[in-house]
file coords16.txt (compact mmCIF, C-alpha atoms and all ligand atoms)
# COMPACT_ATOMS: atom_id res chain seq x y z
CA MET L 5 166.84 142.67 74.04
CA LYS L 6 169.05 142.60 77.09
CA PHE L 7 171.17 139.90 78.59
CA ILE L 8 172.60 139.75 82.04
CA GLY L 9 175.67 137.89 80.95
CA VAL L 10 175.74 135.50 78.06
CA THR L 11 175.53 132.07 79.57
CA THR L 12 173.92 129.83 77.02
CA LEU L 13 174.66 128.84 73.47
CA ALA L 14 171.07 129.66 72.61
CA ALA L 15 171.54 133.17 73.87
CA ALA L 16 174.78 133.44 71.94
CA LEU L 17 173.18 132.31 68.71
CA ALA L 18 170.13 134.47 69.16
CA SER L 19 172.09 137.61 69.76
CA SER L 20 173.98 139.87 67.45
CA THR L 21 176.95 141.92 68.58
CA SER L 22 174.83 144.95 69.19
CA ALA L 23 172.26 142.97 71.14
CA ILE L 24 174.75 141.92 73.78
CA SER L 25 174.20 144.39 76.54
CA LEU L 26 175.95 144.44 79.84
CA ASN L 27 174.04 147.43 81.13
CA ALA L 28 172.71 145.49 84.08
CA ARG L 29 176.14 145.23 85.60
CA SER L 30 178.69 147.89 86.30
CA ALA L 31 181.53 148.10 83.82
CA GLN L 32 184.19 147.39 86.41
CA ASP L 33 182.72 143.94 87.10
CA VAL L 34 182.86 142.88 83.49
CA PHE L 35 186.06 141.38 82.13
CA VAL L 36 186.34 142.17 78.43
CA PRO L 37 189.68 140.61 77.47
CA ILE L 38 191.49 141.94 74.42
CA ILE L 39 191.96 139.12 71.91
CA THR L 40 195.59 139.09 70.76
CA SER L 41 195.28 136.15 68.33
CA PRO L 42 193.86 135.60 65.77
CA THR L 43 194.58 138.91 64.07
CA ALA L 44 193.42 140.22 60.69
CA SER L 45 196.49 138.62 59.10
CA SER L 46 195.95 135.16 60.63
CA VAL L 47 195.51 132.21 58.28
CA TRP L 48 194.30 128.94 59.78
CA THR L 49 194.53 125.69 57.85
CA VAL L 50 191.79 123.12 58.31
CA GLY L 51 193.07 120.30 60.54
CA SER L 52 195.89 122.35 62.07
CA THR L 53 196.21 123.16 65.75
CA GLN L 54 195.62 126.82 66.55
CA THR L 55 195.73 128.82 69.75
CA VAL L 56 193.49 131.76 70.54
CA THR L 57 195.14 134.17 72.99
CA TRP L 58 193.84 137.13 74.97
CA GLU L 59 195.10 139.53 77.62
CA THR L 60 194.36 138.72 81.24
CA ALA L 61 196.38 141.46 82.97
CA ASN L 62 193.33 143.70 83.32
CA ALA L 63 191.09 141.03 84.83
CA PRO L 64 189.10 142.24 87.84
CA ALA L 65 189.46 140.45 91.17
CA GLN L 66 186.01 138.96 90.87
CA ILE L 67 184.65 137.60 87.63
CA THR L 68 181.01 136.64 87.35
CA ASN L 69 181.58 133.90 84.79
CA SER L 70 185.13 132.61 84.51
CA ILE L 71 184.35 129.58 82.34
CA GLY L 72 185.25 130.35 78.75
CA GLN L 73 183.96 129.20 75.39
CA ILE L 74 185.15 130.04 71.89
CA MET L 75 182.67 129.99 69.03
CA LEU L 76 183.32 130.33 65.31
CA VAL L 77 181.65 133.26 63.54
CA LYS L 78 181.44 133.65 59.75
CA GLY L 79 180.50 136.85 57.96
CA GLY L 80 179.37 138.37 61.23
CA THR L 81 176.95 135.51 61.86
CA PRO L 82 177.47 133.08 64.77
CA THR L 83 177.93 129.44 63.74
CA PRO L 84 177.08 126.47 66.00
CA ILE L 85 180.76 125.46 65.94
CA VAL L 86 182.37 125.37 69.38
CA LEU L 87 186.15 125.57 68.97
CA ALA L 88 186.98 125.28 72.67
CA THR L 89 185.01 125.19 75.90
CA GLY L 90 185.41 124.59 79.62
CA PHE L 91 188.67 126.53 80.05
CA SER L 92 189.23 129.38 82.48
CA ILE L 93 188.91 132.86 81.00
CA LEU L 94 191.98 133.65 83.12
CA ASP L 95 194.10 131.13 81.17
CA GLY L 96 194.73 133.67 78.43
CA GLU L 97 194.80 130.99 75.76
CA ALA L 98 192.96 127.97 74.41
CA SER L 99 194.06 125.54 71.68
CA PHE L 100 192.05 123.30 69.37
CA THR L 101 192.06 121.63 65.96
CA VAL L 102 190.55 123.75 63.19
CA PRO L 103 187.39 122.00 61.96
CA ASP L 104 186.73 121.32 58.27
CA VAL L 105 184.84 124.45 57.33
CA ILE L 106 184.79 126.00 53.83
CA ASN L 107 187.56 128.37 52.81
CA GLY L 108 186.82 131.94 53.73
CA THR L 109 188.38 135.29 54.61
CA ASN L 110 185.52 136.40 56.82
CA TYR L 111 185.85 134.21 59.89
CA GLU L 112 185.98 135.61 63.43
CA ILE L 113 186.06 133.97 66.82
CA GLN L 114 183.85 135.04 69.68
CA LEU L 115 185.28 134.56 73.14
CA PHE L 116 182.65 134.04 75.81
CA GLY L 117 183.21 134.24 79.50
CA ASP L 118 182.28 137.33 81.34
CA SER L 119 181.60 139.04 78.02
CA GLY L 120 181.32 138.06 74.37
CA ASP L 121 183.99 139.86 72.42
CA PHE L 122 185.10 139.26 68.84
CA SER L 123 188.42 138.89 67.07
CA PRO L 124 189.11 140.71 63.80
CA ALA L 125 188.11 138.85 60.64
CA PHE L 126 190.73 136.30 59.57
CA THR L 127 191.16 133.51 57.00
CA ILE L 128 190.55 129.76 57.14
CA THR L 129 191.85 127.76 54.18
CA GLY L 130 192.71 124.24 53.11
CA SER L 131 189.22 122.80 52.82
CA ASP L 132 188.04 120.65 49.93
CA SER L 133 184.44 121.55 50.68
CA LEU L 134 182.56 123.83 48.32
CA PHE L 135 179.79 124.53 50.81
C1 LIG X 1 190.72 125.95 49.76
O1 LIG X 1 192.03 126.48 49.84
C2 LIG X 1 193.05 125.54 49.61
C3 LIG X 1 194.38 126.23 49.82
O2 LIG X 1 194.48 127.38 49.02
C4 LIG X 1 192.93 124.99 48.17
O3 LIG X 1 193.93 124.01 47.94
C5 LIG X 1 191.54 124.37 48.03
O4 LIG X 1 191.37 123.95 46.70
C6 LIG X 1 190.47 125.37 48.38
N1 LIG X 1 189.19 124.71 48.38
C7 LIG X 1 188.23 125.03 47.52
C8 LIG X 1 186.98 124.23 47.63
O5 LIG X 1 188.34 125.93 46.69

call {"tool": "encode", "arguments": {"input": "coords16.txt", "output": "structure tokens"}}
result
Amino acid sequence: MKFIGVTTLAAALASSTSAISLNARSAQDVFVPIITSPTASSVWTVGSTQTVTWETANAPAQITNSIGQIMLVKGGTPTPIVLATGFSILDGEASFTVPDVINGTNYEIQLFGDSGDFSPAFTITGSDSLF
């Protein structure tokens, strides 16, 4: 399965990491920002404000899709939870309130824009929910 860009939530949910292919475009056109936060040692508390950050210094002059979206991933599986959307991928950061999801040490965020790259796994805690 190949995508020319990942532009829809449906495409995001239907795809696994390995299924996201950018073969149709040359590598130099694709901005794959390095996520600098969260890291593997990050701990987010439900209800707190958190900021995802990524490097923008290596952004190409032209970006096919500069509108960013951050999705929550758990255990390697995309969730329908949108943490932030509608920002510019060139902002380098986006902040939001952590939703009430169950405690877990296997959360990741996926940053969509020109690509769909993942953070390391990190922890979310502070929930009363058992499931
Ligand atoms: C989730 O973690 C918080 C903080 O450690 C704890 O107080 C809470 O009881 C945990 N929730 C569950 C359902 O275990």

call {"tool": "residues_near_ligand", "arguments": {"input": "coords16.txt", "ligand": "ligand LIG 1 (chain X)", "cutoff": "10 Å", "atoms": "only C-alpha atoms and all ligand atoms", "output": "list in words"}}
result
Thr49, Val50, Val105, Ile106, Asn107, Gly108, Ile128, Thr129, Gly130, Ser131, Asp132, Ser133, Leu134 and Phe135 of chain L

call {"tool": "closest_residue", "arguments": {"input": "coords16.txt", "among": "L:Leu94, L:Val102, L:Leu115, L:Val86", "to": "Asn62 in chain L", "atoms": "only C-alpha atoms"}}
result
L:Leu94

call {"tool": "residues_around", "arguments": {"input": "coords16.txt", "residues": "Gln54 in chain L", "least_positions_apart": "2", "cutoff": "12 Å", "atoms": "only C-alpha atoms", "output": "list in words"}}
result
Ser41, Pro42, Ser46, Val47, Trp48, Thr49, Val50, Gly51, Ser52, Val56, Thr57, Leu87, Ala88, Glu97, Ala98, Ser99, Phe100, Thr101, Val102, Pro103, Ile113 and Ile128 of chain L

call {"tool": "axis_aligned_box", "arguments": {"input": "coords16.txt", "around": "range 48-67 of chain L", "padding_each_side": "5 Å", "output": "AutoDock Vina command-line options"}}
result
--center_x 190.5 --center_y 132.0 --center_z 74.5 --size_x 21.7 --size_y 33.4 --size_z 43.3

call {"tool": "closest_residue", "arguments": {"input": "coords16.txt", "among": "L:Ser123, L:Ile39, L:Gly90, L:Lys78", "to": "Tyr111 in chain L", "atoms": "all atoms listed in the file"}}
result
L:Lys78

call {"tool": "atom_distance", "arguments": {"input": "coords16.txt", "atom1": "CA of Asp104 in chain L", "atom2": "CA of Phe116 in chain L"}}
result
22.0 Å

call {"tool": "residues_around", "arguments": {"input": "coords16.txt", "residues": "Glu59 in chain L", "least_positions_apart": "3", "cutoff": "6 Å", "atoms": "all atoms listed in the file", "output": "list of chain:residue names"}}
result
L:Pro37, L:Ile38, L:Gly96

call {"tool": "write_last_selection", "arguments": {"input": "coords16.txt", "atoms": "C-alpha atoms", "output": "PDB file, in the frame of the given file"}}
result
ATOM      1  CA  PRO L  37     189.680 140.610  77.470  1.00  0.00           C
ATOM      2  CA  ILE L  38     191.490 141.940  74.420  1.00  0.00           C
ATOM      3  CA  GLY L  96     194.730 133.670  78.430  1.00  0.00           C
TER       4      GLY L  96
END

call {"tool": "atom_distance", "arguments": {"input": "coords16.txt", "atom1": "CA of Gly117 in chain L", "atom2": "CA of Ala61 in chain L"}}
result
15.4 Å

call {"tool": "closest_residue", "arguments": {"input": "coords16.txt", "among": "L:Phe122, L:Thr127, L:Thr83, L:Gln73", "to": "Thr40 in chain L", "atoms": "only C-alpha atoms"}}
result
L:Phe122

call {"tool": "closest_residue", "arguments": {"input": "coords16.txt", "among": "L:Ile67, L:Ile93, L:Val34, L:Val77", "to": "Glu112 in chain L", "atoms": "only C-alpha atoms"}}
result
L:Val77

call {"tool": "atom_distance", "arguments": {"input": "coords16.txt", "atom1": "CA of Ile71 in chain L", "atom2": "CA of Ser92 in chain L"}}
result
4.9 Å

call {"tool": "closest_residue", "arguments": {"input": "coords16.txt", "among": "L:Ala65, L:Ile85, L:Ser70, L:Met75", "to": "Ser119 in chain L", "atoms": "all atoms listed in the file"}}
result
L:Ser70

call {"tool": "closest_residue", "arguments": {"input": "coords16.txt", "among": "L:Thr109, L:Thr53, L:Asn69, L:Gln114", "to": "Phe126 in chain L", "atoms": "only C-alpha atoms"}}
result
L:Thr109

call {"tool": "build_atoms", "arguments": {"input": "coords16.txt", "residues": "range 100-124 of chain L", "atoms": "N, CA, C and O atoms", "output": "PDB file, in the frame of the given file"}}
result
ATOM      1  N   PHE L 100     193.010 124.245  69.940  1.00  0.00           N
ATOM      2  CA  PHE L 100     192.050 123.300  69.370  1.00  0.00           C
ATOM      3  C   PHE L 100     192.473 122.989  67.934  1.00  0.00           C
ATOM      4  O   PHE L 100     193.331 123.666  67.360  1.00  0.00           O
ATOM      5  N   THR L 101     191.851 121.970  67.366  1.00  0.00           N
ATOM      6  CA  THR L 101     192.060 121.630  65.960  1.00  0.00           C
ATOM      7  C   THR L 101     191.020 122.364  65.120  1.00  0.00           C
ATOM      8  O   THR L 101     189.828 122.352  65.459  1.00  0.00           O
ATOM      9  N   VAL L 102     191.461 123.005  64.052  1.00  0.00           N
ATOM     10  CA  VAL L 102     190.550 123.750  63.190  1.00  0.00           C
ATOM     11  C   VAL L 102     189.632 122.770  62.459  1.00  0.00           C
ATOM     12  O   VAL L 102     190.119 121.864  61.780  1.00  0.00           O
ATOM     13  N   PRO L 103     188.326 122.921  62.607  1.00  0.00           N
ATOM     14  CA  PRO L 103     187.390 122.000  61.960  1.00  0.00           C
ATOM     15  C   PRO L 103     187.361 122.215  60.445  1.00  0.00           C
ATOM     16  O   PRO L 103     187.843 123.236  59.942  1.00  0.00           O
ATOM     17  N   ASP L 104     186.801 121.237  59.736  1.00  0.00           N
ATOM     18  CA  ASP L 104     186.730 121.320  58.270  1.00  0.00           C
ATOM     19  C   ASP L 104     185.559 122.195  57.858  1.00  0.00           C
ATOM     20  O   ASP L 104     184.456 121.726  57.628  1.00  0.00           O
ATOM     21  N   VAL L 105     185.831 123.480  57.797  1.00  0.00           N
ATOM     22  CA  VAL L 105     184.840 124.450  57.330  1.00  0.00           C
ATOM     23  C   VAL L 105     185.313 124.972  55.970  1.00  0.00           C
ATOM     24  O   VAL L 105     186.491 124.859  55.641  1.00  0.00           O
ATOM     25  N   ILE L 106     184.410 125.529  55.165  1.00  0.00           N
ATOM     26  CA  ILE L 106     184.790 126.000  53.830  1.00  0.00           C
ATOM     27  C   ILE L 106     185.793 127.138  53.928  1.00  0.00           C
ATOM     28  O   ILE L 106     185.829 127.874  54.918  1.00  0.00           O
ATOM     29  N   ASN L 107     186.614 127.258  52.881  1.00  0.00           N
ATOM     30  CA  ASN L 107     187.560 128.370  52.810  1.00  0.00           C
ATOM     31  C   ASN L 107     186.821 129.694  52.950  1.00  0.00           C
ATOM     32  O   ASN L 107     185.726 129.856  52.424  1.00  0.00           O
ATOM     33  N   GLY L 108     187.450 130.630  53.617  1.00  0.00           N
ATOM     34  CA  GLY L 108     186.820 131.940  53.730  1.00  0.00           C
ATOM     35  C   GLY L 108     187.758 132.940  54.380  1.00  0.00           C
ATOM     36  O   GLY L 108     188.662 132.572  55.141  1.00  0.00           O
ATOM     37  N   THR L 109     187.551 134.213  54.049  1.00  0.00           N
ATOM     38  CA  THR L 109     188.380 135.290  54.610  1.00  0.00           C
ATOM     39  C   THR L 109     187.588 136.103  55.627  1.00  0.00           C
ATOM     40  O   THR L 109     188.061 137.151  56.082  1.00  0.00           O
ATOM     41  N   ASN L 110     186.396 135.613  55.948  1.00  0.00           N
ATOM     42  CA  ASN L 110     185.520 136.400  56.820  1.00  0.00           C
ATOM     43  C   ASN L 110     185.133 135.654  58.093  1.00  0.00           C
ATOM     44  O   ASN L 110     184.019 135.773  58.582  1.00  0.00           O
ATOM     45  N   TYR L 111     186.086 134.879  58.616  1.00  0.00           N
ATOM     46  CA  TYR L 111     185.850 134.210  59.890  1.00  0.00           C
ATOM     47  C   TYR L 111     186.266 135.117  61.052  1.00  0.00           C
ATOM     48  O   TYR L 111     187.191 135.919  60.933  1.00  0.00           O
ATOM     49  N   GLU L 112     185.585 134.979  62.170  1.00  0.00           N
ATOM     50  CA  GLU L 112     185.980 135.610  63.430  1.00  0.00           C
ATOM     51  C   GLU L 112     185.789 134.570  64.517  1.00  0.00           C
ATOM     52  O   GLU L 112     185.059 133.609  64.338  1.00  0.00           O
ATOM     53  N   ILE L 113     186.410 134.780  65.651  1.00  0.00           N
ATOM     54  CA  ILE L 113     186.060 133.970  66.820  1.00  0.00           C
ATOM     55  C   ILE L 113     185.386 134.899  67.830  1.00  0.00           C
ATOM     56  O   ILE L 113     185.667 136.105  67.871  1.00  0.00           O
ATOM     57  N   GLN L 114     184.479 134.304  68.587  1.00  0.00           N
ATOM     58  CA  GLN L 114     183.850 135.040  69.680  1.00  0.00           C
ATOM     59  C   GLN L 114     184.221 134.334  70.969  1.00  0.00           C
ATOM     60  O   GLN L 114     183.993 133.127  71.118  1.00  0.00           O
ATOM     61  N   LEU L 115     184.823 135.092  71.855  1.00  0.00           N
ATOM     62  CA  LEU L 115     185.280 134.560  73.140  1.00  0.00           C
ATOM     63  C   LEU L 115     184.250 134.900  74.209  1.00  0.00           C
ATOM     64  O   LEU L 115     184.012 136.069  74.513  1.00  0.00           O
ATOM     65  N   PHE L 116     183.638 133.855  74.748  1.00  0.00           N
ATOM     66  CA  PHE L 116     182.650 134.040  75.810  1.00  0.00           C
ATOM     67  C   PHE L 116     183.257 133.729  77.153  1.00  0.00           C
ATOM     68  O   PHE L 116     184.054 132.825  77.308  1.00  0.00           O
ATOM     69  N   GLY L 117     182.859 134.475  78.120  1.00  0.00           N
ATOM     70  CA  GLY L 117     183.210 134.240  79.500  1.00  0.00           C
ATOM     71  C   GLY L 117     182.362 135.239  80.239  1.00  0.00           C
ATOM     72  O   GLY L 117     181.140 135.118  80.286  1.00  0.00           O
ATOM     73  N   ASP L 118     183.007 136.261  80.680  1.00  0.00           N
ATOM     74  CA  ASP L 118     182.280 137.330  81.340  1.00  0.00           C
ATOM     75  C   ASP L 118     181.643 138.270  80.301  1.00  0.00           C
ATOM     76  O   ASP L 118     180.747 139.033  80.619  1.00  0.00           O
ATOM     77  N   SER L 119     182.121 138.188  79.077  1.00  0.00           N
ATOM     78  CA  SER L 119     181.600 139.040  78.020  1.00  0.00           C
ATOM     79  C   SER L 119     181.470 138.192  76.769  1.00  0.00           C
ATOM     80  O   SER L 119     181.432 136.983  76.837  1.00  0.00           O
ATOM     81  N   GLY L 120     181.424 138.810  75.619  1.00  0.00           N
ATOM     82  CA  GLY L 120     181.320 138.060  74.370  1.00  0.00           C
ATOM     83  C   GLY L 120     181.998 138.818  73.259  1.00  0.00           C
ATOM     84  O   GLY L 120     181.348 139.254  72.326  1.00  0.00           O
ATOM     85  N   ASP L 121     183.302 139.007  73.372  1.00  0.00           N
ATOM     86  CA  ASP L 121     183.990 139.860  72.420  1.00  0.00           C
ATOM     87  C   ASP L 121     184.543 139.094  71.224  1.00  0.00           C
ATOM     88  O   ASP L 121     184.812 137.904  71.293  1.00  0.00           O
ATOM     89  N   PHE L 122     184.748 139.828  70.131  1.00  0.00           N
ATOM     90  CA  PHE L 122     185.100 139.260  68.840  1.00  0.00           C
ATOM     91  C   PHE L 122     186.552 139.554  68.473  1.00  0.00           C
ATOM     92  O   PHE L 122     187.091 140.610  68.810  1.00  0.00           O
ATOM     93  N   SER L 123     187.137 138.627  67.701  1.00  0.00           N
ATOM     94  CA  SER L 123     188.420 138.890  67.070  1.00  0.00           C
ATOM     95  C   SER L 123     188.178 139.672  65.786  1.00  0.00           C
ATOM     96  O   SER L 123     187.035 139.779  65.333  1.00  0.00           O
ATOM     97  N   PRO L 124     189.254 140.192  65.170  1.00  0.00           N
ATOM     98  CA  PRO L 124     189.110 140.710  63.800  1.00  0.00           C
ATOM     99  C   PRO L 124     188.778 139.549  62.856  1.00  0.00           C
ATOM    100  O   PRO L 124     188.964 138.378  63.216  1.00  0.00           O
TER     101      PRO L 124
END
